[in-house]
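Visitor: Below is the file protein24.txt, which contains compact mmCIF, C-alpha atoms.
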```txt
# COMPACT_ATOMS: atom_id res chain seq x y z
CA MET A 264 -68.76 39.54 -7.07
CA ASP A 265 -69.78 37.93 -3.79
CA GLN A 266 -68.34 34.49 -4.38
CA LEU A 267 -64.88 33.83 -2.94
CA THR A 268 -62.28 32.62 -5.38
CA TRP A 269 -59.78 29.89 -4.56
CA LEU A 270 -57.17 32.62 -4.25
CA ASP A 271 -59.33 34.43 -1.67
CA LYS A 272 -59.87 31.21 0.26
CA LEU A 273 -56.19 30.30 0.53
CA LEU A 274 -55.22 33.85 1.41
CA PHE A 275 -57.86 34.11 4.12
CA ARG A 276 -56.84 30.73 5.53
CA LEU A 277 -53.17 31.75 5.73
CA GLU A 278 -54.11 35.09 7.30
CA ALA A 279 -56.14 33.25 9.94
CA GLN A 280 -53.37 30.72 10.46
CA ARG A 281 -50.72 33.38 10.98
CA ALA A 282 -52.96 35.44 13.26
CA CYS A 283 -53.86 32.39 15.34
CA LEU A 284 -50.27 31.18 15.64
CA GLY A 285 -49.08 34.64 16.66
CA TRP A 286 -51.82 34.87 19.28
CA ALA A 287 -51.07 31.37 20.60
CA VAL A 288 -47.36 32.12 20.98
CA GLY A 289 -48.25 34.95 23.34
CA GLU A 290 -50.91 32.92 25.11
CA ILE A 291 -48.56 30.09 26.13
CA ALA A 292 -45.69 32.36 27.17
CA GLY A 293 -44.40 31.36 30.61
CA ARG A 294 -46.27 28.05 30.61
CA PRO A 295 -44.21 24.88 30.49
CA GLY A 296 -44.86 22.25 27.87
CA VAL A 297 -44.03 20.95 24.44
CA VAL A 298 -45.60 21.78 21.09
CA PHE A 299 -47.25 19.28 18.75
CA GLU A 300 -47.34 20.18 15.07
CA LEU A 301 -49.86 17.76 13.60
CA GLY A 302 -49.23 17.72 9.87
CA LEU A 303 -45.92 18.91 8.44
CA GLY A 304 -46.99 19.49 4.83
CA HIS A 305 -44.64 21.98 3.19
CA GLY A 306 -43.29 22.87 6.62
CA ARG A 307 -44.35 26.51 6.52
CA THR A 308 -46.18 26.59 9.85
CA TYR A 309 -43.50 24.40 11.43
CA ASP A 310 -40.98 27.02 10.30
CA HIS A 311 -43.18 29.74 11.79
CA LEU A 312 -43.48 27.91 15.09
CA ARG A 313 -39.79 27.07 15.46
CA LYS A 314 -38.75 30.65 14.75
CA HIS A 315 -41.28 32.15 17.15
CA LEU A 316 -40.78 29.47 19.80
CA PRO A 317 -37.02 28.80 19.63
CA ASP A 318 -36.87 27.35 23.14
CA ARG A 319 -39.74 24.86 22.82
CA ASP A 320 -39.49 21.22 21.89
CA ILE A 321 -41.67 20.90 18.81
CA TYR A 322 -42.77 17.40 17.81
CA VAL A 323 -43.94 17.05 14.24
CA PHE A 324 -46.39 14.36 13.14
CA ASP A 325 -46.90 13.29 9.54
CA ARG A 326 -47.05 10.25 7.33
CA GLU A 327 -44.20 11.47 5.16
CA VAL A 328 -41.61 14.21 4.97
CA ASP A 329 -42.31 16.20 1.83
CA CYS A 330 -41.49 19.71 2.98
CA ILE A 331 -39.36 22.60 1.81
CA ALA A 332 -35.81 21.30 2.33
CA ASP A 333 -34.79 23.69 5.11
CA CYS A 334 -38.02 23.02 7.03
CA THR A 335 -37.18 19.40 7.80
CA PRO A 336 -37.52 18.73 11.54
CA PRO A 337 -34.71 16.92 13.37
CA ASP A 338 -35.10 13.14 13.43
CA ASP A 339 -35.72 12.98 17.17
CA ARG A 340 -38.66 15.38 16.85
CA LEU A 341 -40.32 13.62 13.93
CA VAL A 342 -43.17 11.20 14.61
CA MET A 343 -43.82 9.37 11.36
CA GLY A 344 -47.05 7.52 10.66
CA ASP A 345 -50.81 7.94 10.69
CA ILE A 346 -52.07 9.94 13.69
CA VAL A 347 -54.58 7.15 14.26
CA ASP A 348 -51.56 5.19 15.51
CA THR A 349 -48.99 7.81 16.45
CA LEU A 350 -51.10 10.09 18.61
CA PRO A 351 -52.22 7.28 20.99
CA SER A 352 -48.62 6.04 21.09
CA MET A 353 -47.56 9.34 22.67
CA ALA A 354 -50.25 9.32 25.34
CA GLN A 355 -48.02 7.88 28.06
CA ARG A 356 -44.96 10.04 27.39
CA PHE A 357 -46.72 13.38 26.96
CA ARG A 358 -49.77 13.10 29.21
CA GLY A 359 -50.67 16.65 30.33
CA LYS A 360 -47.48 18.08 28.79
CA VAL A 361 -48.61 19.57 25.48
CA VAL A 362 -49.06 23.33 25.84
CA LEU A 363 -49.78 23.99 22.15
CA ALA A 364 -51.14 21.63 19.51
CA HIS A 365 -51.53 22.89 15.97
CA ALA A 366 -53.44 20.67 13.56
CA ASP A 367 -53.01 21.68 9.93
CA MET A 368 -54.38 18.50 8.48
CA GLY A 369 -57.41 19.43 6.42
CA THR A 370 -57.83 17.85 3.01
CA TYR A 371 -60.31 18.34 0.18
CA ASP A 372 -61.98 15.12 1.32
CA ASP A 373 -64.71 15.83 3.88
CA THR A 374 -64.95 12.21 5.02
CA GLU A 375 -61.22 12.07 5.64
CA ASN A 376 -61.45 15.36 7.55
CA LEU A 377 -64.16 13.96 9.80
CA THR A 378 -62.00 10.92 10.52
CA ARG A 379 -58.98 13.04 11.38
CA GLY A 380 -61.10 15.39 13.51
CA ALA A 381 -62.42 12.40 15.45
CA VAL A 382 -58.89 11.11 16.09
CA LEU A 383 -57.85 14.51 17.44
CA SER A 384 -60.97 14.87 19.57
CA ARG A 385 -60.41 11.43 21.10
CA ASN A 386 -56.67 11.67 21.75
CA LEU A 387 -55.73 15.28 22.37
CA PRO A 388 -57.52 16.02 25.67
CA ALA A 389 -55.36 13.67 27.78
CA LEU A 390 -52.19 15.18 26.32
CA LEU A 391 -53.01 18.81 27.01
CA ALA A 392 -51.42 20.81 29.81
CA PRO A 393 -53.48 23.27 31.87
CA GLY A 394 -53.89 26.48 29.85
CA ALA A 395 -53.00 24.71 26.63
CA ILE A 396 -54.07 25.96 23.23
CA VAL A 397 -55.31 23.84 20.35
CA LEU A 398 -55.45 25.38 16.87
CA SER A 399 -57.13 23.48 14.07
CA ASP A 400 -58.00 24.01 10.44
CA LEU A 401 -60.39 21.07 10.59
CA LEU A 402 -64.06 20.96 11.38
CA PRO A 403 -64.76 22.03 14.94
CA LEU A 404 -63.27 19.54 17.38
CA TYR A 405 -64.91 18.26 20.54
CA LEU A 406 -62.20 18.33 23.18
CA ASP A 407 -63.12 17.33 26.71
CA GLY A 408 -61.92 20.00 29.12
CA ALA A 409 -61.26 22.60 26.43
CA THR A 410 -63.42 25.53 25.42
CA PRO A 411 -63.75 27.00 21.92
CA LEU A 412 -62.56 30.59 21.71
CA PRO A 413 -63.24 33.29 19.14
CA LEU A 414 -60.48 33.96 16.63
CA PRO A 415 -58.04 36.80 17.26
CA ALA A 416 -58.01 40.03 15.25
CA GLY A 417 -56.89 39.55 11.66
CA ALA A 418 -58.43 36.10 11.30
CA ARG A 419 -61.76 35.74 9.51
CA GLN A 420 -64.27 33.57 11.36
CA GLY A 421 -64.71 30.03 10.11
CA ARG A 422 -61.18 29.71 8.68
CA TYR A 423 -59.62 28.31 11.84
CA PHE A 424 -60.69 27.01 15.21
CA ILE A 425 -59.20 27.67 18.65
CA TYR A 426 -59.65 25.80 21.91
CA LYS A 427 -58.15 26.35 25.32
CA THR A 428 -58.00 24.15 28.39
CA GLY A 429 -58.66 25.58 31.83
CA ARG A 430 -55.65 26.98 33.63
CA THR A 431 -56.00 24.63 36.58
CA PRO A 432 -57.54 21.19 37.03
CA ALA A 433 -60.42 22.85 38.95
CA ALA A 434 -61.09 25.22 36.08
CA ARG A 435 -61.03 22.30 33.67
CA THR A 436 -63.78 20.64 35.64
CA ARG A 437 -65.84 23.81 35.55
CA SER A 438 -65.47 24.21 31.80
CA LEU A 439 -66.49 20.57 31.38
CA ALA A 440 -69.64 21.28 33.36
CA ALA A 441 -70.51 24.29 31.22
CA PRO A 442 -69.15 23.58 27.79
CA SER A 443 -71.14 26.08 25.75
CA ARG A 444 -69.95 29.63 25.19
CA PRO A 445 -71.60 32.45 23.31
CA GLN A 446 -68.57 32.99 21.04
CA ARG A 447 -68.37 29.41 19.91
CA ASN A 448 -67.26 29.07 16.31
CA ASP A 449 -70.07 28.34 13.93
CA ALA A 450 -69.93 24.66 13.08
CA SER A 451 -71.59 25.31 9.75
CA SER A 452 -68.79 27.45 8.36
CA ARG A 453 -66.09 25.01 7.35
CA PRO A 454 -62.61 26.19 6.66
CA SER A 455 -62.28 26.42 2.91
CA ARG A 456 -59.09 25.48 1.16
CA MET B 146 -37.78 38.12 15.13
CA ASP B 147 -36.81 39.91 11.94
CA GLN B 148 -36.49 36.92 9.69
CA LEU B 149 -39.53 36.08 7.57
CA THR B 150 -40.83 32.55 7.91
CA TRP B 151 -42.01 30.50 4.96
CA LEU B 152 -45.55 31.14 6.15
CA ASP B 153 -44.92 34.90 6.07
CA LYS B 154 -43.44 34.64 2.58
CA LEU B 155 -46.34 32.75 1.06
CA LEU B 156 -48.90 34.96 2.77
CA PHE B 157 -47.19 38.16 1.60
CA ARG B 158 -46.91 36.79 -1.94
CA LEU B 159 -50.63 35.93 -2.07
CA GLU B 160 -51.54 39.33 -0.63
CA ALA B 161 -49.46 41.01 -3.33
CA GLN B 162 -50.92 38.75 -5.99
CA ARG B 163 -54.50 39.48 -5.00
CA ALA B 164 -53.86 43.23 -4.69
CA CYS B 165 -52.14 43.33 -8.10
CA LEU B 166 -54.83 41.31 -9.84
CA GLY B 167 -57.57 43.48 -8.36
CA TRP B 168 -55.75 46.62 -9.45
CA ALA B 169 -55.14 45.23 -12.96
CA VAL B 170 -58.82 44.33 -13.41
CA GLY B 171 -59.70 47.99 -12.89
CA GLU B 172 -56.81 49.20 -15.01
CA ILE B 173 -57.85 47.30 -18.16
CA ALA B 174 -61.56 48.09 -17.85
CA GLY B 175 -62.91 49.37 -21.15
CA ARG B 176 -59.83 48.30 -23.12
CA PRO B 177 -60.26 45.51 -25.65
CA GLY B 178 -58.04 42.47 -25.56
CA VAL B 179 -57.57 38.96 -24.25
CA VAL B 180 -55.92 37.78 -21.05
CA PHE B 181 -52.94 35.42 -20.88
CA GLU B 182 -52.55 33.38 -17.69
CA LEU B 183 -49.00 32.07 -17.88
CA GLY B 184 -48.84 29.16 -15.47
CA LEU B 185 -51.99 27.40 -14.30
CA GLY B 186 -50.62 25.66 -11.21
CA HIS B 187 -53.45 24.94 -8.80
CA GLY B 188 -55.68 27.26 -10.81
CA ARG B 189 -56.30 29.72 -7.98
CA THR B 190 -55.36 32.87 -9.86
CA TYR B 191 -57.07 31.59 -13.00
CA ASP B 192 -60.21 31.20 -10.88
CA HIS B 193 -59.73 34.74 -9.57
CA LEU B 194 -59.31 36.15 -13.07
CA ARG B 195 -62.26 34.34 -14.63
CA LYS B 196 -64.59 35.42 -11.81
CA HIS B 197 -63.46 39.04 -11.94
CA LEU B 198 -63.26 39.17 -15.74
CA PRO B 199 -66.25 37.06 -16.82
CA ASP B 200 -66.42 38.63 -20.29
CA ARG B 201 -62.74 38.22 -21.23
CA ASP B 202 -61.22 35.39 -23.20
CA ILE B 203 -58.57 33.98 -20.88
CA TYR B 204 -55.89 31.76 -22.42
CA VAL B 205 -54.04 29.57 -19.97
CA PHE B 206 -50.50 28.31 -20.63
CA ASP B 207 -48.92 25.40 -18.80
CA ARG B 208 -47.06 22.17 -19.37
CA GLU B 209 -49.69 20.13 -17.59
CA VAL B 210 -53.11 20.44 -16.04
CA ASP B 211 -52.75 19.67 -12.35
CA CYS B 212 -55.21 22.13 -10.84
CA ILE B 213 -58.13 22.04 -8.42
CA ALA B 214 -60.79 20.15 -10.38
CA ASP B 215 -63.24 23.01 -10.82
CA CYS B 216 -60.47 25.36 -11.99
CA THR B 217 -59.80 23.47 -15.22
CA PRO B 218 -59.92 25.86 -18.19
CA PRO B 219 -61.95 24.91 -21.27
CA ASP B 220 -59.99 22.96 -23.88
CA ASP B 221 -60.09 25.75 -26.43
CA ARG B 222 -58.47 28.17 -23.97
CA LEU B 223 -55.69 25.83 -22.86
CA VAL B 224 -52.27 26.15 -24.47
CA MET B 225 -50.28 23.11 -23.39
CA GLY B 226 -46.51 22.96 -23.58
CA ASP B 227 -43.38 24.83 -22.58
CA ILE B 228 -43.70 28.60 -22.99
CA VAL B 229 -40.39 28.48 -24.85
CA ASP B 230 -42.46 26.95 -27.65
CA THR B 231 -46.03 27.99 -26.96
CA LEU B 232 -45.55 31.72 -26.44
CA PRO B 233 -43.79 32.27 -29.83
CA SER B 234 -46.46 30.08 -31.47
CA MET B 235 -49.12 32.62 -30.45
CA ALA B 236 -47.24 35.64 -31.79
CA GLN B 237 -49.08 35.75 -35.09
CA ARG B 238 -52.58 35.20 -33.73
CA PHE B 239 -52.40 37.57 -30.77
CA ARG B 240 -50.02 40.29 -31.91
CA GLY B 241 -50.96 43.48 -30.02
CA LYS B 242 -54.09 41.86 -28.59
CA VAL B 243 -53.12 40.87 -25.03
CA VAL B 244 -54.43 43.46 -22.57
CA LEU B 245 -53.37 41.55 -19.43
CA ALA B 246 -50.66 38.94 -19.00
CA HIS B 247 -50.19 37.35 -15.61
CA ALA B 248 -47.10 35.21 -15.13
CA ASP B 249 -47.22 33.08 -12.01
CA MET B 250 -44.36 30.83 -12.98
CA GLY B 251 -41.70 31.22 -10.32
CA THR B 252 -40.01 28.11 -8.97
CA TYR B 253 -37.50 27.46 -6.21
CA ASP B 254 -34.85 27.13 -8.91
CA ASP B 255 -33.23 30.50 -9.65
CA THR B 256 -31.68 29.33 -12.92
CA GLU B 257 -35.03 28.10 -14.17
CA ASN B 258 -36.61 31.41 -13.13
CA LEU B 259 -34.03 33.36 -15.14
CA THR B 260 -34.76 31.20 -18.19
CA ARG B 261 -38.50 31.73 -17.88
CA GLY B 262 -38.05 35.46 -17.28
CA ALA B 263 -35.96 35.68 -20.46
CA VAL B 264 -38.64 33.87 -22.49
CA LEU B 265 -41.27 36.32 -21.23
CA SER B 266 -39.08 39.36 -21.85
CA ARG B 267 -38.39 38.21 -25.41
CA ASN B 268 -41.90 37.21 -26.43
CA LEU B 269 -44.41 39.29 -24.52
CA PRO B 270 -43.78 42.79 -25.92
CA ALA B 271 -45.06 42.02 -29.44
CA LEU B 272 -48.23 40.50 -27.99
CA LEU B 273 -49.22 43.39 -25.76
CA ALA B 274 -52.00 45.82 -26.61
CA PRO B 275 -51.63 49.54 -25.90
CA GLY B 276 -52.28 50.14 -22.20
CA ALA B 277 -51.70 46.48 -21.40
CA ILE B 278 -50.66 45.27 -17.96
CA VAL B 279 -48.09 42.59 -17.22
CA LEU B 280 -47.98 41.08 -13.72
CA SER B 281 -45.15 38.77 -12.80
CA ASP B 282 -43.93 36.89 -9.76
CA LEU B 283 -40.56 36.37 -11.44
CA LEU B 284 -37.44 38.42 -11.34
CA PRO B 285 -37.96 41.84 -12.90
CA LEU B 286 -38.65 41.47 -16.61
CA TYR B 287 -37.24 43.65 -19.35
CA LEU B 288 -40.16 44.38 -21.65
CA ASP B 289 -39.58 46.68 -24.61
CA GLY B 290 -42.25 49.37 -24.65
CA ALA B 291 -43.46 48.68 -21.10
CA THR B 292 -42.63 50.56 -17.95
CA PRO B 293 -42.32 49.11 -14.44
CA LEU B 294 -44.89 50.50 -12.02
CA PRO B 295 -44.98 50.53 -8.23
CA LEU B 296 -47.23 47.96 -6.58
CA PRO B 297 -50.73 48.98 -5.50
CA ALA B 298 -51.76 49.41 -1.87
CA GLY B 299 -51.85 46.14 0.05
CA ALA B 300 -48.93 44.58 -1.81
CA ARG B 301 -45.52 44.54 -0.19
CA GLN B 302 -42.70 45.68 -2.49
CA GLY B 303 -40.54 42.98 -4.01
CA ARG B 304 -43.24 40.29 -3.95
CA TYR B 305 -44.63 41.03 -7.40
CA PHE B 306 -43.75 43.11 -10.43
CA ILE B 307 -46.01 45.24 -12.61
CA TYR B 308 -45.43 46.65 -16.08
CA LYS B 309 -47.63 48.71 -18.33
CA THR B 310 -47.36 49.53 -22.01
CA GLY B 311 -48.02 53.06 -23.26
CA ARG B 312 -51.62 53.85 -24.13
CA THR B 313 -50.82 54.73 -27.73
CA PRO B 314 -48.05 53.74 -30.12
CA ALA B 315 -46.60 57.25 -29.72
CA ALA B 316 -46.53 56.91 -25.95
CA ARG B 317 -44.86 53.53 -26.31
CA THR B 318 -42.08 55.13 -28.30
CA ARG B 319 -41.63 57.79 -25.65
CA SER B 320 -41.45 55.25 -22.84
CA LEU B 321 -38.86 53.32 -24.84
CA ALA B 322 -36.78 56.51 -25.09
CA ALA B 323 -37.01 57.13 -21.35
CA PRO B 324 -37.27 53.73 -19.74
CA SER B 325 -36.28 54.62 -16.19
CA ARG B 326 -38.80 55.72 -13.60
CA PRO B 327 -38.24 56.73 -10.02
CA GLN B 328 -40.65 54.11 -8.66
CA ARG B 329 -39.03 51.22 -10.47
CA ASN B 330 -39.15 48.00 -8.48
CA ASP B 331 -35.89 47.13 -6.82
CA ALA B 332 -34.28 44.40 -8.89
CA SER B 333 -32.42 43.13 -5.84
CA SER B 334 -35.54 42.15 -3.91
CA ARG B 335 -36.63 38.87 -5.41
CA PRO B 336 -40.08 37.55 -4.78
CA SER B 337 -39.75 34.91 -2.10
CA ARG B 338 -41.81 31.78 -2.18
```
Could you write out this structure as structure tokens?
Guide:
Amino acid sequence: MDQLTWLDKLLFRLEAQRACLGWAVGEIAGRPGVVFELGLGHGRTYDHLRKHLPDRDIYVFDREVDCIADCTPPDDRLVMGDIVDTLPSMAQRFRGKVVLAHADMGTYDDTENLTRGAVLSRNLPALLAPGAIVLSDLLPLYLDGATPLPLPAGARQGRYFIYKTGRTPAARTRSLAAPSRPQRNDASSRPSR
Amino acid sequence: MDQLTWLDKLLFRLEAQRACLGWAVGEIAGRPGVVFELGLGHGRTYDHLRKHLPDRDIYVFDREVDCIADCTPPDDRLVMGDIVDTLPSMAQRFRGKVVLAHADMGTYDDTENLTRGAVLSRNLPALLAPGAIVLSDLLPLYLDGATPLPLPAGARQGRYFIYKTGRTPAARTRSLAAPSRPQRNDASSRPSR
């Protein structure tokens, strides 16, 4: 049987998510900055991040809090509302200070996913620190100054997307000038859920 | 960090689920009988079962249909209601005819889980065919005539539970007389969700 089942799809997505988060935790070690968790959902990846990054300030964005009870973020780290509004509202305060942004916001609605992807693509670049990592379960994003990277071991291609900003402002300019990379994730393989 | 996160727990549970289902599909090959899917949920494991067992009649039990749209079972295979009522109601029709029963019914409520486990333990044994497999994400079940088995490769212990009835009535009597096995799953390690 070649066709993936819904069980396969969710399992492969979680495998990719866990592999990407684990890789990102190592990648940002020693770099200052806060973490943005875009989409709380059940709170599972927030729980993963807070346990693996106990010393980071993690800001969690969602329209509602409907998570596993013990995964509720503290009030002063919760940014409630639609990211169309909330992400731009943070631009001043966190300009260049976000060292890891994880977007776990995909829905079954492709149009809605495109809208959310566009909001991230428009607003994230100004927030990112040098050497920052962006992880996304959405369609490939287009982040000025960030380069798509291949997924780490343990993550099947097409289930998640990784981007990284240059480590210095100079490097960021270079990556802007040459945005294409051979290992770019295939835009045609959407993350399945 | 030793402590499992909620992401780890769900991932490990799905890994165990997929490994157990794959193993069970091979185990029942060539044996007549129907499949009981106890708990539809999102329909992911039902989708997995129907794609891997295209020639089996799969009966799906749940209180409601709230699954991914394309995972909706056909009306004549849906048994709607509480298993407290629906499982006994099938006793006559399917006595000794169920070759695979998969119970994916665990909740976050331990008391509710105990109640459901008791309903399964009381009602499943009469339904099972010789050589039948029972997979459960609940607390260990106590199934007359069935023996707990260790999990297959790829499934972490304590995330799922497997039982198998004897291949003949005589063997069933023997396993009743000697119910303990060295590889019995550890009752203290509950599946985490």
Visitor: Could you please select, counting all atoms listed in the file, the residues of chain B within 12 Å of chain A and state them as a count of residues only?
Guide: 42
Visitor: Can you measure atom CA of Leu294 of chain B to atom CA of Ile203 of chain B for me? One decimal in Å is fine.
Guide: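 Result for atom CA of Leu294 of chain B versus atom CA of Ile203 of chain B: 23.2 Å, one decimal.
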Visitor: I'd like the contact shell of Leu286 of chain B - 12 Å cut-off, all atoms listed in the file, skipping same-chain residues fewer than 5 positions apart - returned as a ChimeraX atom specification.
Guide: /B:248,258-270,279-281,291-294,305-309,329-332,335
Visitor: As an exercise, work out the distance from atom CA of Arg422 of chain A to atom CA of Ala169 of chain B in Å and give it to one decimal place.
Guide: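 For atom CA of Arg422 of chain A relative to atom CA of Ala169 of chain B, the distance reads 27.3 Å.
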Visitor: So the first atom is atom CA of Arg326 of chain A and the second is atom CA of Leu303 of chain A; what is the distance between them in Å, to one decimal place?
Guide: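 Interatomic distance here is 8.8 Å.
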Visitor: Can you find the residues with an atom no farther than 12 Å from (-51.3, 39.9, -26.4), counting all atoms listed in the file, and report them as JSON, numbers by chain?
Guide: {"B": [177, 178, 179, 180, 181, 182, 183, 202, 203, 204, 232, 233, 235, 236, 237, 238, 239, 240, 241, 242, 243, 244, 245, 246, 247, 265, 268, 269, 270, 271, 272, 273, 274, 275, 276, 277, 278, 279, 310]}
